[in-house]
>>> print(open('final.tsv').read())   # TSV, C-alpha atoms
chain	number	residue	atom	x	y	z
M	60	MET	CA	-32.09	24.69	105.29
M	61	ASN	CA	-32.95	28.35	104.78
M	62	PRO	CA	-33.00	30.28	102.53
M	63	SER	CA	-33.95	27.76	99.86
M	64	THR	CA	-32.46	29.41	96.75
M	65	LEU	CA	-29.10	30.83	95.73
M	66	ASP	CA	-30.63	34.18	94.74
M	67	GLU	CA	-32.21	34.56	98.19
M	68	ALA	CA	-28.96	33.64	99.92
M	69	LYS	CA	-26.95	36.21	97.96
M	70	LYS	CA	-29.61	38.88	98.53
M	71	PHE	CA	-29.68	38.17	102.28
M	72	ALA	CA	-25.89	38.26	102.52
M	73	ARG	CA	-25.65	41.49	100.55
M	74	LYS	CA	-28.25	43.29	102.68
M	75	ILE	CA	-26.83	42.00	105.96
M	76	ARG	CA	-23.28	42.92	104.99
M	77	ARG	CA	-24.37	46.43	104.01
M	78	ALA	CA	-26.34	46.95	107.24
M	79	GLY	CA	-23.76	45.30	109.49
M	80	ALA	CA	-20.94	47.46	108.16
M	81	ARG	CA	-22.74	50.56	109.47
M	82	LEU	CA	-23.01	49.29	113.06
M	83	SER	CA	-20.25	50.27	115.48
M	84	SER	CA	-20.89	47.84	118.36
M	85	VAL	CA	-21.90	44.61	116.63
M	86	GLU	CA	-20.09	41.81	114.84
M	87	THR	CA	-22.52	39.92	112.61
M	88	VAL	CA	-21.97	36.30	111.57
M	89	ILE	CA	-24.09	34.86	108.76
M	90	CYS	CA	-24.29	31.06	108.53
M	91	PRO	CA	-25.95	29.96	105.28
M	92	PRO	CA	-26.31	26.33	104.16
M	93	PHE	CA	-23.10	24.71	102.87
M	94	VAL	CA	-24.05	25.02	99.20
M	95	PHE	CA	-24.35	28.82	99.49
M	96	LEU	CA	-21.19	29.53	101.49
M	97	SER	CA	-18.96	30.44	98.55
M	98	ALA	CA	-21.61	32.71	97.07
M	99	CYS	CA	-21.93	34.54	100.38
M	100	ALA	CA	-18.18	34.86	101.02
M	101	LEU	CA	-16.45	38.21	100.97
M	102	ARG	CA	-15.59	39.38	97.48
M	103	ASN	CA	-12.42	41.20	98.46
M	104	SER	CA	-8.90	39.78	98.47
M	105	GLY	CA	-9.08	38.41	101.98
M	106	ARG	CA	-10.51	38.61	105.46
M	107	LYS	CA	-9.58	41.46	107.79
M	108	LYS	CA	-9.85	41.66	111.55
M	109	SER	CA	-11.78	44.89	111.08
M	110	ASP	CA	-14.53	43.23	109.06
M	111	LYS	CA	-17.82	43.65	110.92
M	112	VAL	CA	-19.67	40.92	109.01
M	113	ARG	CA	-18.22	37.43	109.05
M	114	LEU	CA	-19.04	34.16	107.34
M	115	GLY	CA	-19.98	31.13	109.42
M	116	ALA	CA	-20.89	27.52	108.74
M	117	GLN	CA	-23.81	25.68	110.31
M	118	GLY	CA	-21.66	22.66	111.14
M	119	LEU	CA	-18.93	20.32	109.93
M	120	SER	CA	-17.71	16.74	110.02
M	121	PHE	CA	-15.74	15.37	112.96
M	122	HIS	CA	-13.49	13.71	110.36
M	123	LYS	CA	-10.50	15.79	109.31
M	124	ASP	CA	-10.30	14.29	105.82
M	125	GLY	CA	-10.56	10.97	103.98
M	126	SER	CA	-13.25	8.87	102.32
M	127	HIS	CA	-16.37	10.27	103.95
M	128	THR	CA	-18.89	10.92	101.20
M	129	GLY	CA	-21.26	13.78	101.95
M	130	GLU	CA	-19.14	15.24	104.74
M	131	VAL	CA	-17.56	18.72	104.91
M	132	GLY	CA	-14.25	19.16	106.72
M	133	ALA	CA	-12.84	22.07	108.72
M	134	TYR	CA	-9.99	22.92	106.35
M	135	MET	CA	-12.40	22.96	103.41
M	136	LEU	CA	-14.46	25.60	105.21
M	137	SER	CA	-11.47	27.68	106.23
M	138	ASP	CA	-10.15	27.63	102.67
M	139	ILE	CA	-13.25	29.35	101.26
M	140	GLY	CA	-13.27	32.14	103.86
M	141	VAL	CA	-15.31	30.76	106.76
M	142	ASP	CA	-14.41	32.33	110.13
M	143	TYR	CA	-16.96	30.77	112.49
M	144	VAL	CA	-18.52	27.30	112.77
M	145	ILE	CA	-21.56	26.32	114.84
M	146	VAL	CA	-20.77	23.16	116.81
M	147	GLY	CA	-23.12	21.12	118.99
M	148	HIS	CA	-26.34	22.76	117.84
M	149	SER	CA	-29.35	21.16	119.51
M	150	GLU	CA	-30.68	19.88	116.19
M	151	GLN	CA	-27.36	18.14	115.48
M	152	ARG	CA	-27.25	16.71	119.00
M	153	LEU	CA	-30.78	15.41	118.47
M	154	LYS	CA	-29.57	13.62	115.32
M	155	GLY	CA	-26.77	11.87	117.19
M	156	ASP	CA	-23.91	14.25	117.95
M	157	THR	CA	-22.63	13.11	121.34
M	158	ASP	CA	-20.41	15.26	123.56
M	159	ASP	CA	-17.44	13.22	122.32
M	160	ILE	CA	-18.26	14.03	118.70
M	161	VAL	CA	-18.79	17.68	119.59
M	162	SER	CA	-15.38	17.87	121.30
M	163	GLN	CA	-13.67	16.39	118.24
M	164	LYS	CA	-15.41	18.90	116.00
M	165	LEU	CA	-14.24	21.68	118.30
M	166	VAL	CA	-10.65	20.49	117.96
M	167	ASN	CA	-10.96	20.43	114.17
M	168	VAL	CA	-12.35	23.97	114.06
M	169	LEU	CA	-9.66	25.35	116.35
M	170	GLU	CA	-6.81	23.57	114.56
M	171	SER	CA	-7.96	25.05	111.25
M	172	GLY	CA	-7.84	28.58	112.66
M	173	MET	CA	-11.59	29.22	112.82
M	174	THR	CA	-13.73	30.16	115.82
M	175	PRO	CA	-16.23	27.60	117.13
M	176	ILE	CA	-19.62	28.66	118.44
M	177	LEU	CA	-20.29	25.88	120.93
M	178	CYS	CA	-23.99	25.39	121.60
M	179	VAL	CA	-25.02	24.05	125.00
M	180	GLY	CA	-28.35	23.83	126.77
M	181	GLU	CA	-30.59	21.60	128.81
M	182	ASN	CA	-33.53	19.76	127.24
M	183	SER	CA	-35.90	20.47	130.13
M	184	ARG	CA	-36.07	22.04	133.58
M	185	ASP	CA	-36.95	20.62	136.96
M	186	GLU	CA	-37.75	22.37	140.23
M	187	GLY	CA	-34.90	20.60	142.03
M	188	GLY	CA	-32.24	22.14	139.78
M	189	ALA	CA	-30.87	18.87	138.41
M	190	TYR	CA	-30.71	20.52	134.97
M	191	LEU	CA	-27.75	22.57	136.18
M	192	GLU	CA	-25.67	19.44	136.66
M	193	VAL	CA	-26.77	18.18	133.24
M	194	LEU	CA	-25.65	21.44	131.64
M	195	LYS	CA	-22.38	21.44	133.59
M	196	GLU	CA	-21.51	17.94	132.40
M	197	GLN	CA	-22.45	18.80	128.82
M	198	ILE	CA	-20.11	21.80	128.85
M	199	LYS	CA	-17.24	19.90	130.46
M	200	ASN	CA	-17.58	16.90	128.15
M	201	SER	CA	-17.91	19.04	125.02
M	202	LEU	CA	-14.73	20.94	125.95
M	203	PHE	CA	-12.79	17.83	126.94
M	204	GLY	CA	-9.27	17.82	125.50
M	205	ILE	CA	-9.31	21.51	124.55
M	206	ALA	CA	-6.01	23.20	125.46
M	207	LYS	CA	-6.15	26.26	127.71
M	208	ARG	CA	-4.51	28.38	125.00
M	209	HIS	CA	-7.59	27.83	122.83
M	210	SER	CA	-10.07	28.97	125.50
M	211	ARG	CA	-9.93	32.58	124.24
M	212	ASP	CA	-10.99	31.39	120.77
M	213	ILE	CA	-14.25	29.74	121.84
M	214	VAL	CA	-17.72	31.32	121.84
M	215	LEU	CA	-20.43	29.69	123.95
M	216	ALA	CA	-24.07	29.82	122.86
M	217	TYR	CA	-26.64	28.96	125.50
M	218	GLU	CA	-29.74	27.54	123.80
M	219	PRO	CA	-32.13	25.88	126.25
M	220	VAL	CA	-33.89	23.33	124.06
M	221	TRP	CA	-37.23	23.82	125.81
M	222	ALA	CA	-37.20	27.53	124.87
M	223	ILE	CA	-36.46	27.05	121.16
M	224	GLY	CA	-39.52	27.82	119.06
M	225	ALA	CA	-41.50	28.80	122.15
M	226	LYS	CA	-43.86	31.77	122.24
M	227	GLU	CA	-41.50	33.61	124.57
M	228	ALA	CA	-37.79	33.51	125.35
M	229	MET	CA	-36.46	32.95	128.85
M	230	ARG	CA	-36.80	35.93	131.14
M	231	PRO	CA	-33.73	38.17	130.90
M	232	GLU	CA	-33.04	37.69	134.63
M	233	GLN	CA	-32.93	33.91	134.11
M	234	ILE	CA	-30.63	34.34	131.11
M	235	TYR	CA	-28.25	36.40	133.26
M	236	GLU	CA	-28.17	33.70	135.92
M	237	MET	CA	-27.43	31.01	133.34
M	238	SER	CA	-24.73	33.12	131.69
M	239	LEU	CA	-22.98	33.46	135.07
M	240	PHE	CA	-23.30	29.71	135.63
M	241	ILE	CA	-21.79	28.91	132.22
M	242	LYS	CA	-18.91	31.33	132.82
M	243	LYS	CA	-18.28	29.68	136.20
M	244	VAL	CA	-18.06	26.22	134.64
M	245	PHE	CA	-15.74	27.59	131.96
M	246	ALA	CA	-13.60	29.29	134.61
M	247	ASP	CA	-13.30	26.05	136.57
M	248	MET	CA	-11.83	24.43	133.47
M	249	PHE	CA	-9.62	27.19	132.08
M	250	GLY	CA	-9.09	29.71	134.88
M	251	ALA	CA	-10.89	32.76	136.26
M	252	ASP	CA	-9.56	35.12	133.61
M	253	SER	CA	-10.85	32.88	130.81
M	254	GLY	CA	-14.22	32.65	132.52
M	255	MET	CA	-14.50	36.42	132.65
M	256	LYS	CA	-13.54	36.92	129.02
M	257	VAL	CA	-15.43	34.10	127.26
M	258	ARG	CA	-18.23	35.38	125.05
M	259	VAL	CA	-21.67	33.96	125.81
M	260	LEU	CA	-24.60	34.19	123.38
M	261	TYR	CA	-28.25	33.37	123.97
M	262	GLY	CA	-30.49	31.51	121.54
M	263	GLY	CA	-34.13	30.55	121.94
M	264	SER	CA	-37.13	32.51	120.64
M	265	VAL	CA	-35.12	35.71	120.14
M	266	ASN	CA	-36.95	38.49	118.32
M	267	THR	CA	-37.11	42.28	117.94
M	268	ARG	CA	-39.38	42.58	120.99
M	269	ASN	CA	-37.06	40.92	123.52
M	270	ALA	CA	-33.54	41.41	122.10
M	271	PHE	CA	-32.82	44.69	123.91
M	272	ASP	CA	-33.67	43.30	127.36
M	273	ILE	CA	-31.79	40.05	126.71
M	274	ILE	CA	-28.63	42.05	126.01
M	275	THR	CA	-28.99	44.74	128.69
M	276	VAL	CA	-30.65	42.77	131.52
M	277	GLY	CA	-29.55	39.28	130.52
M	278	LYS	CA	-26.02	40.63	130.05
M	279	VAL	CA	-25.05	38.22	127.28
M	280	ASP	CA	-22.56	39.22	124.61
M	281	GLY	CA	-24.82	38.45	121.67
M	282	LEU	CA	-27.59	36.34	120.19
M	283	LEU	CA	-27.91	33.11	118.23
M	284	VAL	CA	-30.92	33.89	116.06
M	285	GLY	CA	-33.11	31.22	114.48
M	286	ARG	CA	-36.41	31.90	112.73
M	287	ASP	CA	-36.04	35.69	112.75
M	288	SER	CA	-32.75	35.35	110.85
M	289	VAL	CA	-34.61	34.32	107.68
M	290	ASN	CA	-36.98	37.26	107.84
M	291	ILE	CA	-34.63	39.85	106.43
M	292	SER	CA	-36.51	42.95	107.60
M	293	ASP	CA	-36.82	41.62	111.16
M	294	PHE	CA	-33.18	40.56	111.22
M	295	LEU	CA	-31.90	43.94	110.06
M	296	GLU	CA	-34.03	45.61	112.73
M	297	LEU	CA	-32.66	43.11	115.27
M	298	LEU	CA	-29.10	44.13	114.40
M	299	LYS	CA	-29.90	47.79	115.08
M	300	ILE	CA	-31.49	46.90	118.42
M	301	VAL	CA	-28.47	44.89	119.54
M	302	ASP	CA	-26.13	47.67	118.45
M	303	THR	CA	-28.13	50.18	120.50
M	304	ALA	CA	-28.25	47.81	123.47
M	305	HIS	CA	-24.47	47.39	123.57
M	306	LYS	CA	-24.01	51.17	123.51
M	307	THR	CA	-26.17	51.54	126.61
M	308	ILE	CA	-24.29	48.98	128.71
>>> encode(input="final.tsv", output="structure tokens")
Amino acid sequence: MNPSTLDEAKKFARKIRRAGARLSSVETVICPPFVFLSACALRNSGRKKSDKVRLGAQGLSFHKDGSHTGEVGAYMLSDIGVDYVIVGHSEQRLKGDTDDIVSQKLVNVLESGMTPILCVGENSRDEGGAYLEVLKEQIKNSLFGIAKRHSRDIVLAYEPVWAIGAKEAMRPEQIYEMSLFIKKVFADMFGADSGMKVRVLYGGSVNTRNAFDIITVGKVDGLLVGRDSVNISDFLELLKIVDTAHKTI
């Protein structure tokens, strides 16, 4: 629920779009609250594959249409210029989104021509490694019923719930291990080639101090940024750091 005003949302979008357009190695996706989406949409005649800054939604309904007061459907989002949709965010899972609901939302996003950012992550860790099986089942269940042809259109965001809002992010070496594990699970479902190509993001206490190492040592494709995304100066600096990091890989 940030930013809290329309003026702030438009100012954020304008500054991010201007900064993102100057970066050669980064695609930036801004995901404002529903009520600000239209105001933050591109002002030109349409979306282009070359656009470096894209519009995303924080979520959507698992209903396609119908009498569902207060809900927002996939085709409604696509129609106003949304390209990406966050699905299965930990906060939505906490409020009741099961893996079955997440998989239906994924289908809706894909059928409407948008790209889902599927969030996965364990709630806690144990020394015995049981959390790996928990994460594996969450990924498999969330992707249940997704056709192989859609595997190239899915982005995975690893957000370990225990690391969100923490003082420090996971160590980059741990992030790399988890990225490989997630790609392996994805490959088991959709084939080795899909596992190699799927984009994996990391989210969980990301900031300007750790972003470079998360990209270069953690070897993820990008970041899902929380609290630092609403501090405009920090976020713009974060974009530059990620752009530099990708150029060094």
>>> closest_residue(input="final.tsv", among="M:Leu282, M:Ala206, M:Val144, M:Val220", to="M:Val161", atoms="only C-alpha atoms")
M:Val144
>>> closest_residue(input="final.tsv", among="M:Asn290, M:Arg208, M:Lys306, M:Gly254", to="M:Asn61", atoms="only C-alpha atoms")
M:Asn290
>>> residues_around(input="final.tsv", residues="M:Gly118", least_positions_apart="6", cutoff="12 Å", atoms="only C-alpha atoms", output="MDAnalysis selection string")
chainID M and resid 90:93 96 130:133 136 141 143:152 156 160:161 164:165 167:168 174:178
>>> residues_near_point(input="final.tsv", point="(-41.4, 43.5, 113.8)", cutoff="12 Å", atoms="all atoms listed in the file", output="list in words")
Val265, Asn266, Thr267, Arg268, Asn269, Ala270, Asp287, Asn290, Ile291, Ser292, Asp293, Phe294, Leu295, Glu296, Leu297 and Ile300 of chain M
>>> atom_distance(input="final.tsv", atom1="atom CA of M:Thr87", atom2="atom CA of M:Gly180")
22.2 Å
>>> atom_distance(input="final.tsv", atom1="atom CA of M:Glu236", atom2="atom CA of M:Ile213")
20.2 Å
>>> closest_residue(input="final.tsv", among="M:Arg230, M:Arg184, M:Lys278, M:Arg286", to="M:Arg258", atoms="all atoms listed in the file")
M:Lys278
>>> atom_distance(input="final.tsv", atom1="atom CA of M:Ser120", atom2="atom CA of M:Asp158")
13.9 Å
>>> residues_around(input="final.tsv", residues="M:Phe203", least_positions_apart="4", cutoff="10 Å", atoms="only C-alpha atoms", output="list in words")
Asp158, Asp159, Val161, Ser162, Gln163, Leu165, Val166, Gln197, Ile198, Lys199 and Met248 of chain M
>>> residues_around(input="final.tsv", residues="M:Lys70", least_positions_apart="5", cutoff="10 Å", atoms="all atoms listed in the file", output="PDB file with C-alpha atoms, keeping the file's coordinate frame")
ATOM      1  CA  LEU M  65     -29.100  30.830  95.730  1.00  0.00           C
ATOM      2  CA  ILE M  75     -26.830  42.000 105.960  1.00  0.00           C
ATOM      3  CA  ARG M  76     -23.280  42.920 104.990  1.00  0.00           C
ATOM      4  CA  CYS M  99     -21.930  34.540 100.380  1.00  0.00           C
ATOM      5  CA  ILE M 291     -34.630  39.850 106.430  1.00  0.00           C
TER       6      ILE M 291
END
>>> closest_residue(input="final.tsv", among="M:Leu298, M:Val279, M:Glu186, M:Glu170", to="M:Ile89", atoms="all atoms listed in the file")
M:Leu298
>>> closest_residue(input="final.tsv", among="M:Ala78, M:Ala100, M:Ile205, M:Met135", to="M:Lys123", atoms="all atoms listed in the file")
M:Met135
>>> build_atoms(input="final.tsv", residues="stretch 195-206 of chain M", atoms="N, CA and C atoms", output="PDB file, keeping the file's coordinate frame")
ATOM      1  N   LYS M 195     -23.792  21.423 133.206  1.00  0.00           N
ATOM      2  CA  LYS M 195     -22.380  21.440 133.590  1.00  0.00           C
ATOM      3  C   LYS M 195     -21.620  20.297 132.928  1.00  0.00           C
ATOM      4  N   GLU M 196     -22.173  19.102 132.994  1.00  0.00           N
ATOM      5  CA  GLU M 196     -21.510  17.940 132.400  1.00  0.00           C
ATOM      6  C   GLU M 196     -21.429  18.060 130.883  1.00  0.00           C
ATOM      7  N   GLN M 197     -22.469  18.606 130.269  1.00  0.00           N
ATOM      8  CA  GLN M 197     -22.450  18.800 128.820  1.00  0.00           C
ATOM      9  C   GLN M 197     -21.327  19.746 128.413  1.00  0.00           C
ATOM     10  N   ILE M 198     -21.170  20.840 129.152  1.00  0.00           N
ATOM     11  CA  ILE M 198     -20.110  21.800 128.850  1.00  0.00           C
ATOM     12  C   ILE M 198     -18.745  21.161 129.042  1.00  0.00           C
ATOM     13  N   LYS M 199     -18.537  20.505 130.163  1.00  0.00           N
ATOM     14  CA  LYS M 199     -17.240  19.900 130.460  1.00  0.00           C
ATOM     15  C   LYS M 199     -16.889  18.818 129.449  1.00  0.00           C
ATOM     16  N   ASN M 200     -17.843  17.980 129.106  1.00  0.00           N
ATOM     17  CA  ASN M 200     -17.580  16.900 128.150  1.00  0.00           C
ATOM     18  C   ASN M 200     -17.330  17.437 126.744  1.00  0.00           C
ATOM     19  N   SER M 201     -18.068  18.471 126.362  1.00  0.00           N
ATOM     20  CA  SER M 201     -17.910  19.040 125.020  1.00  0.00           C
ATOM     21  C   SER M 201     -16.557  19.736 124.871  1.00  0.00           C
ATOM     22  N   LEU M 202     -16.018  20.236 125.969  1.00  0.00           N
ATOM     23  CA  LEU M 202     -14.730  20.940 125.950  1.00  0.00           C
ATOM     24  C   LEU M 202     -13.563  20.040 126.352  1.00  0.00           C
ATOM     25  N   PHE M 203     -13.847  18.761 126.513  1.00  0.00           N
ATOM     26  CA  PHE M 203     -12.790  17.830 126.940  1.00  0.00           C
ATOM     27  C   PHE M 203     -11.662  17.799 125.903  1.00  0.00           C
ATOM     28  N   GLY M 204     -10.424  17.893 126.394  1.00  0.00           N
ATOM     29  CA  GLY M 204      -9.270  17.820 125.500  1.00  0.00           C
ATOM     30  C   GLY M 204      -8.892  19.125 124.843  1.00  0.00           C
ATOM     31  N   ILE M 205      -9.629  20.204 125.134  1.00  0.00           N
ATOM     32  CA  ILE M 205      -9.310  21.510 124.550  1.00  0.00           C
ATOM     33  C   ILE M 205      -8.203  22.165 125.390  1.00  0.00           C
ATOM     34  N   ALA M 206      -7.122  22.567 124.761  1.00  0.00           N
ATOM     35  CA  ALA M 206      -6.010  23.200 125.460  1.00  0.00           C
ATOM     36  C   ALA M 206      -6.405  24.574 125.977  1.00  0.00           C
TER      37      ALA M 206
END
